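Q: Provided herewith: upload08.csv, CSV, C-alpha atoms.
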```
chain,number,residue,atom,x,y,z
A,1,MET,CA,0.0,0.0,0.0
A,2,ALA,CA,2.9,2.4,0.8
A,3,GLU,CA,4.4,1.7,-2.6
A,4,PHE,CA,1.2,2.5,-4.4
A,5,LYS,CA,0.7,5.7,-2.3
A,6,ALA,CA,4.2,6.9,-3.1
A,7,ALA,CA,3.7,6.1,-6.8
A,8,TYR,CA,0.3,7.8,-6.8
A,9,ILE,CA,1.6,11.0,-5.1
A,10,ASN,CA,4.5,11.0,-7.6
A,11,GLU,CA,2.1,10.8,-10.6
A,12,LEU,CA,0.0,13.6,-9.1
A,13,TYR,CA,3.1,15.7,-8.6
A,14,LYS,CA,4.2,15.2,-12.2
A,15,LEU,CA,0.7,16.0,-13.4
A,16,SER,CA,0.7,19.2,-11.4
A,17,LYS,CA,3.8,20.4,-13.2
A,18,ARG,CA,2.1,20.1,-16.6
A,19,LYS,CA,0.4,23.0,-18.3
A,20,LYS,CA,-2.7,21.0,-19.0
A,21,ILE,CA,-4.2,21.8,-15.6
A,22,THR,CA,-4.0,25.5,-16.3
A,23,VAL,CA,-5.4,24.9,-19.8
A,24,SER,CA,-8.2,22.8,-18.4
A,25,VAL,CA,-9.2,25.5,-15.9
A,26,ILE,CA,-9.2,28.1,-18.6
A,27,MET,CA,-11.2,25.9,-20.9
A,28,SER,CA,-13.8,25.1,-18.2
A,29,LEU,CA,-14.3,28.7,-17.3
A,30,SER,CA,-14.6,29.6,-21.0
A,31,VAL,CA,-17.2,26.9,-21.7
A,32,ILE,CA,-19.3,28.0,-18.7
A,33,ALA,CA,-19.0,31.7,-19.7
A,34,VAL,CA,-20.0,31.0,-23.3
A,35,GLY,CA,-22.9,28.8,-22.0
A,36,ALA,CA,-24.1,31.6,-19.7
A,37,LEU,CA,-23.7,34.2,-22.4
A,38,ILE,CA,-25.8,32.2,-24.9
A,39,THR,CA,-28.4,31.5,-22.3
A,40,CYS,CA,-28.8,35.1,-21.2
A,41,THR,CA,-28.6,36.4,-24.8
A,42,VAL,CA,-31.3,34.1,-26.2
A,43,ASN,CA,-33.5,34.6,-23.1
A,44,SER,CA,-33.2,38.4,-23.3
A,45,PHE,CA,-33.4,39.1,-27.1
A,46,MET,CA,-35.3,36.1,-28.4
A,47,GLY,CA,-37.6,35.4,-25.5
A,48,ILE,CA,-36.6,31.7,-25.4
A,49,ASN,CA,-35.6,30.4,-22.0
A,50,LEU,CA,-33.1,27.7,-22.8
A,51,ALA,CA,-32.7,26.5,-19.2
A,52,GLY,CA,-36.3,27.0,-18.3
A,53,LYS,CA,-36.7,26.7,-14.6
A,54,SER,CA,-34.0,24.1,-14.4
A,55,GLU,CA,-30.5,24.4,-13.3
A,56,PHE,CA,-27.9,26.0,-15.5
A,57,SER,CA,-25.3,23.7,-13.9
A,58,ILE,CA,-27.3,20.6,-15.1
A,59,MET,CA,-27.6,22.1,-18.6
A,60,MET,CA,-23.8,22.4,-18.7
A,61,LEU,CA,-23.1,18.9,-17.3
A,62,PRO,CA,-23.5,17.0,-20.7
A,63,VAL,CA,-21.1,19.4,-22.3
A,64,PHE,CA,-18.4,18.5,-19.8
A,65,VAL,CA,-19.0,14.8,-19.5
A,66,ASN,CA,-19.3,14.2,-23.3
A,67,ILE,CA,-16.8,16.7,-24.7
A,68,VAL,CA,-14.5,18.7,-22.4
A,69,ILE,CA,-13.5,16.2,-19.8
A,70,PRO,CA,-13.0,13.2,-22.1
A,71,LEU,CA,-10.8,15.4,-24.3
A,72,PHE,CA,-8.6,16.3,-21.4
A,73,ALA,CA,-8.6,12.8,-20.0
A,74,ALA,CA,-7.2,11.6,-23.3
A,75,PHE,CA,-4.5,14.3,-23.2
A,76,VAL,CA,-3.5,13.4,-19.6
A,77,CYS,CA,-3.3,9.6,-20.4
A,78,ILE,CA,-1.2,10.4,-23.5
A,79,ASP,CA,1.1,12.5,-21.3
A,80,ILE,CA,1.5,9.9,-18.5
A,81,PHE,CA,1.9,6.9,-20.8
A,82,CYS,CA,3.0,7.9,-24.4
A,83,GLY,CA,4.9,11.0,-23.2
A,84,GLU,CA,6.9,9.2,-20.6
A,85,LEU,CA,7.6,6.3,-22.9
A,86,SER,CA,8.9,8.5,-25.7
A,87,GLY,CA,10.9,10.6,-23.2
A,88,GLY,CA,12.4,7.6,-21.5
A,89,THR,CA,11.2,8.7,-18.0
A,90,ILE,CA,9.0,5.6,-17.7
A,91,LYS,CA,12.2,3.6,-17.1
A,92,THR,CA,13.0,5.7,-14.1
A,93,THR,CA,9.5,5.2,-12.8
A,94,LEU,CA,9.8,1.4,-13.2
A,95,LEU,CA,13.1,1.4,-11.2
A,96,ALA,CA,11.1,2.3,-8.1
A,97,PRO,CA,10.2,-0.5,-5.6
A,98,ALA,CA,6.5,-0.5,-6.8
A,99,SER,CA,5.5,-3.3,-9.2
A,100,ARG,CA,4.2,-2.6,-12.6
A,101,LEU,CA,0.6,-3.2,-11.4
A,102,LYS,CA,1.0,-0.5,-8.7
A,103,VAL,CA,2.6,1.9,-11.2
A,104,PHE,CA,-0.2,1.3,-13.7
A,105,LEU,CA,-2.8,1.7,-10.9
A,106,ALA,CA,-1.1,4.9,-9.8
A,107,LYS,CA,-1.1,6.4,-13.3
A,108,THR,CA,-4.8,5.5,-14.0
A,109,ALA,CA,-5.8,6.7,-10.5
A,110,ALA,CA,-4.0,10.1,-11.2
A,111,ALA,CA,-5.9,10.4,-14.5
A,112,THR,CA,-9.2,9.6,-12.8
A,113,THR,CA,-8.4,12.1,-10.1
A,114,PHE,CA,-7.8,14.7,-12.7
A,115,SER,CA,-11.1,14.1,-14.5
A,116,THR,CA,-13.0,14.0,-11.2
A,117,ALA,CA,-11.4,17.2,-10.0
A,118,MET,CA,-12.2,18.9,-13.3
A,119,LEU,CA,-15.8,17.7,-13.0
A,120,MET,CA,-16.2,19.1,-9.4
A,121,PHE,CA,-14.6,22.3,-10.5
A,122,ALA,CA,-17.2,22.6,-13.3
A,123,MET,CA,-20.0,21.9,-10.8
A,124,LEU,CA,-18.9,24.6,-8.4
A,125,VAL,CA,-18.3,27.3,-11.1
A,126,SER,CA,-21.5,26.5,-13.1
A,127,PHE,CA,-23.6,26.5,-9.9
A,128,ALA,CA,-22.1,29.9,-8.9
A,129,VAL,CA,-22.9,31.2,-12.4
A,130,SER,CA,-26.4,29.8,-12.2
A,131,VAL,CA,-27.0,31.8,-9.1
A,132,VAL,CA,-25.7,35.0,-10.7
A,133,ILE,CA,-27.9,34.6,-13.8
A,134,GLY,CA,-30.9,33.4,-11.9
A,135,HIS,CA,-31.2,29.9,-13.4
A,136,THR,CA,-31.2,27.8,-10.3
A,137,GLU,CA,-33.7,26.0,-8.1
A,138,PHE,CA,-31.1,25.5,-5.4
A,139,LYS,CA,-31.4,21.7,-5.4
A,140,VAL,CA,-27.9,21.4,-4.2
A,141,LEU,CA,-28.0,17.7,-3.2
A,142,ARG,CA,-29.5,16.7,-6.6
A,143,ILE,CA,-26.9,18.7,-8.5
A,144,PHE,CA,-24.1,17.2,-6.4
A,145,ALA,CA,-25.5,13.6,-6.9
A,146,ALA,CA,-25.8,14.2,-10.7
A,147,TYR,CA,-22.2,15.2,-10.9
A,148,ILE,CA,-20.9,12.5,-8.6
A,149,VAL,CA,-22.6,9.6,-10.6
A,150,SER,CA,-21.1,11.1,-13.7
A,151,ALA,CA,-17.6,10.5,-12.3
A,152,VAL,CA,-18.0,6.7,-12.6
A,153,PRO,CA,-18.4,6.5,-16.4
A,154,LEU,CA,-15.7,9.1,-16.7
A,155,CYS,CA,-13.4,6.7,-14.9
A,156,ALA,CA,-14.2,4.2,-17.7
A,157,VAL,CA,-13.3,6.8,-20.3
A,158,CYS,CA,-9.9,7.4,-18.6
A,159,LEU,CA,-9.3,3.6,-18.5
A,160,MET,CA,-10.2,3.3,-22.2
A,161,ALA,CA,-7.7,6.1,-23.0
A,162,ALA,CA,-5.0,4.4,-20.9
A,163,LEU,CA,-5.6,1.1,-22.8
A,164,VAL,CA,-5.4,2.8,-26.1
A,165,CYS,CA,-2.2,4.7,-25.1
A,166,ASN,CA,-0.5,1.4,-24.3
A,167,ILE,CA,-1.6,-0.2,-27.5
A,168,ALA,CA,-0.9,2.6,-30.0
A,169,LYS,CA,2.5,3.9,-30.9
A,170,GLY,CA,2.9,7.7,-30.5
A,171,SER,CA,0.9,10.5,-29.1
A,172,GLY,CA,-0.9,11.4,-32.4
A,173,MET,CA,-2.0,7.8,-33.0
A,174,SER,CA,-3.2,7.5,-29.4
A,175,PHE,CA,-5.3,10.6,-29.6
A,176,MET,CA,-6.8,9.6,-32.9
A,177,LEU,CA,-7.7,6.1,-31.7
A,178,CYS,CA,-9.2,7.5,-28.4
A,179,PHE,CA,-11.4,9.8,-30.5
A,180,ILE,CA,-12.4,7.0,-32.9
A,181,VAL,CA,-13.3,4.6,-30.1
A,182,PHE,CA,-15.3,7.2,-28.2
A,183,MET,CA,-17.2,8.2,-31.3
A,184,VAL,CA,-17.9,4.6,-32.4
A,185,PHE,CA,-19.5,3.8,-29.0
A,186,LYS,CA,-21.5,7.0,-29.2
A,187,THR,CA,-22.7,6.1,-32.7
A,188,PHE,CA,-23.6,2.6,-31.5
A,189,GLU,CA,-25.8,4.2,-28.8
A,190,VAL,CA,-27.8,5.9,-31.6
A,191,ILE,CA,-27.9,2.9,-34.0
A,192,TYR,CA,-28.7,0.3,-31.3
A,193,PRO,CA,-30.7,2.1,-28.7
A,194,ALA,CA,-32.0,-1.2,-27.2
A,195,TYR,CA,-28.5,-2.1,-26.3
A,196,SER,CA,-27.2,1.4,-25.4
A,197,THR,CA,-27.0,0.7,-21.7
A,198,PHE,CA,-24.3,-1.9,-22.3
A,199,PHE,CA,-21.9,0.6,-23.9
A,200,PHE,CA,-19.5,2.4,-21.5
A,201,THR,CA,-20.4,5.8,-23.0
A,202,SER,CA,-24.1,5.4,-22.1
A,203,GLY,CA,-23.3,6.0,-18.5
A,204,LEU,CA,-22.3,9.6,-19.3
A,205,SER,CA,-26.1,10.4,-19.4
A,206,MET,CA,-27.1,8.7,-16.1
A,207,TYR,CA,-27.2,12.2,-14.5
A,208,VAL,CA,-30.6,12.5,-16.1
A,209,LEU,CA,-31.9,9.7,-13.8
A,210,VAL,CA,-30.7,11.5,-10.7
A,211,TYR,CA,-32.1,14.9,-11.6
A,212,ALA,CA,-35.5,13.6,-12.8
A,213,PRO,CA,-38.6,14.3,-10.7
A,214,LEU,CA,-38.7,10.6,-9.8
A,215,ILE,CA,-35.3,9.0,-9.4
A,216,GLY,CA,-35.1,5.7,-11.3
A,217,PHE,CA,-33.0,3.8,-8.7
A,218,ALA,CA,-33.2,0.4,-10.4
A,219,LYS,CA,-32.0,1.8,-13.8
A,220,LEU,CA,-29.4,4.0,-12.1
A,221,LEU,CA,-28.0,1.0,-10.2
A,222,ARG,CA,-27.9,-1.0,-13.4
A,223,MET,CA,-26.0,1.7,-15.2
A,224,LEU,CA,-23.6,2.2,-12.3
A,225,LEU,CA,-22.9,-1.6,-12.3
A,226,VAL,CA,-22.4,-1.6,-16.1
A,227,SER,CA,-19.9,1.3,-15.8
A,228,ALA,CA,-18.1,-0.4,-12.9
A,229,GLY,CA,-17.9,-3.6,-15.1
A,230,TRP,CA,-16.4,-1.6,-17.9
A,231,CYS,CA,-13.9,-0.1,-15.5
A,232,ILE,CA,-12.8,-3.5,-14.4
A,233,MET,CA,-12.5,-4.9,-17.9
A,234,LEU,CA,-10.7,-1.8,-19.3
A,235,PHE,CA,-8.3,-1.7,-16.3
A,236,SER,CA,-7.5,-5.4,-16.7
A,237,ALA,CA,-6.9,-5.1,-20.4
A,238,GLY,CA,-4.8,-2.0,-20.0
A,239,TYR,CA,-2.7,-3.6,-17.3
A,240,MET,CA,-2.1,-6.8,-19.4
A,241,VAL,CA,-0.8,-4.6,-22.2
A,242,PHE,CA,1.3,-2.5,-19.8
A,243,GLU,CA,2.8,-5.6,-18.1
A,244,THR,CA,3.9,-7.2,-21.3
A,245,LYS,CA,5.1,-3.9,-22.9
A,246,GLU,CA,8.8,-3.9,-23.6
A,247,ILE,CA,10.3,-0.6,-22.3
```
Step by step, read the file and then write its structure as structure tokens.

A:
Amino acid sequence: MAEFKAAYINELYKLSKRKKITVSVIMSLSVIAVGALITCTVNSFMGINLAGKSEFSIMMLPVFVNIVIPLFAAFVCIDIFCGELSGGTIKTTLLAPASRLKVFLAKTAAATTFSTAMLMFAMLVSFAVSVVIGHTEFKVLRIFAAYIVSAVPLCAVCLMAALVCNIAKGSGMSFMLCFIVFMVFKTFEVIYPAYSTFFFTSGLSMYVLVYAPLIGFAKLLRMLLVSAGWCIMLFSAGYMVFETKEI
């Protein structure tokens, strides 16, 4: 446990030194600002209330879980896997007492921590903006729950990106494959709606179940279990590739 903790802290430290954290903060603020500007402009000049009486923070959630955070999750995984492999620093990491399993777990945990932190930051800022522009019902617990359940499928997205980064050669190829895999699963959701709950990307919309007037606990539990299953499968596949990878 101590070895994993040390490896995890080391990955977080290396991640904190990268500019992607600053860029992700700027991007999050920009997306929320643009969303608020569009909402207020359309409401004021066209008489159309985009958010209605609902939360502006809930309206922004699908933008983050489907576009912004998966994008940065892919960038982070590319950095901590492809970047270290091409730069040769991965060899130094593997010289530590921690096993490859603990190193891989630490790297994926750091990527998941980044995506979860980005999600929570988006929640706080978007809720603050919703109070300012007057698009909130102050259902704080519902908002918090909607964002929290979204962290589980985002974990699967991070693990998918980690798997792809260990399979593909080079940062460019890794990003392209991450994008293709994500879009393929999103397309399958539309083409095969009857089986959409079995795709790891379908969990990105489970926040709807939490914020609905009547919470569908059975369906929510099923989607959480499916997302957890995807996390286990993707982690196992990613570790198998990382373990056999010649460095």

Q: Using only C-alpha atoms - which residues lie no farther than 12 Å from the point (-21.9, -1.6, -11.7) in the file's frame? Write them as number ranges by chain.

A: A: 149, 152-153, 156, 197-198, 200, 203, 218-233

Q: Compile the contact shell of Ala212 in chain A as a PyMOL selection string: residues with an atom at most 12 Å away, counting only C-alpha atoms, same-chain residues fewer than 2 positions apart removed.

A: chain A and resi 54-55+58+139+142-143+145-146+205-210+214-217+220

Q: Using all atoms listed in the file, which of A:Ser24, A:Ser99, A:Thr108, A:Ser57 sits nearest Val131 in chain A?

A: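 Nearest to Val131 in chain A: A:Ser57.
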
Q: Which residues are close to range 71-74 of chain A, i.e. within 7 Å by all atoms listed in the file, leaving aside same-chain residues fewer than 2 positions away? Reply as an mmCIF file with C-alpha atoms, in the frame of the given file.

A:
```cif
data_model
loop_
_atom_site.group_PDB
_atom_site.id
_atom_site.type_symbol
_atom_site.label_atom_id
_atom_site.label_comp_id
_atom_site.auth_asym_id
_atom_site.auth_seq_id
_atom_site.Cartn_x
_atom_site.Cartn_y
_atom_site.Cartn_z
ATOM 1 C CA ILE A 67 -16.800 16.700 -24.700
ATOM 2 C CA VAL A 68 -14.500 18.700 -22.400
ATOM 3 C CA ILE A 69 -13.500 16.200 -19.800
ATOM 4 C CA VAL A 76 -3.500 13.400 -19.600
ATOM 5 C CA CYS A 77 -3.300 9.600 -20.400
ATOM 6 C CA ILE A 78 -1.200 10.400 -23.500
ATOM 7 C CA ALA A 111 -5.900 10.400 -14.500
ATOM 8 C CA SER A 115 -11.100 14.100 -14.500
ATOM 9 C CA CYS A 158 -9.900 7.400 -18.600
ATOM 10 C CA ALA A 161 -7.700 6.100 -23.000
ATOM 11 C CA PHE A 175 -5.300 10.600 -29.600
ATOM 12 C CA CYS A 178 -9.200 7.500 -28.400
#
```

Q: Identify the residues within 12 Å of coordinate (-18.4, 15.6, -24.3) (same frame as the file), considering only C-alpha atoms, and give the answer as number ranges by chain.

A: A: 31, 60-74, 119, 150, 154, 157, 179, 182-183, 186, 201-202, 204-205

Q: Find the residue from A:Ile26, A:Val132, A:Leu177, A:Ala7 that sits nearest to Pro97 in chain A; use all atoms listed in the file when measuring.

A: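 Of A:Ile26, A:Val132, A:Leu177, A:Ala7, the one nearest Pro97 in chain A, counting all atoms listed in the file, is A:Ala7.
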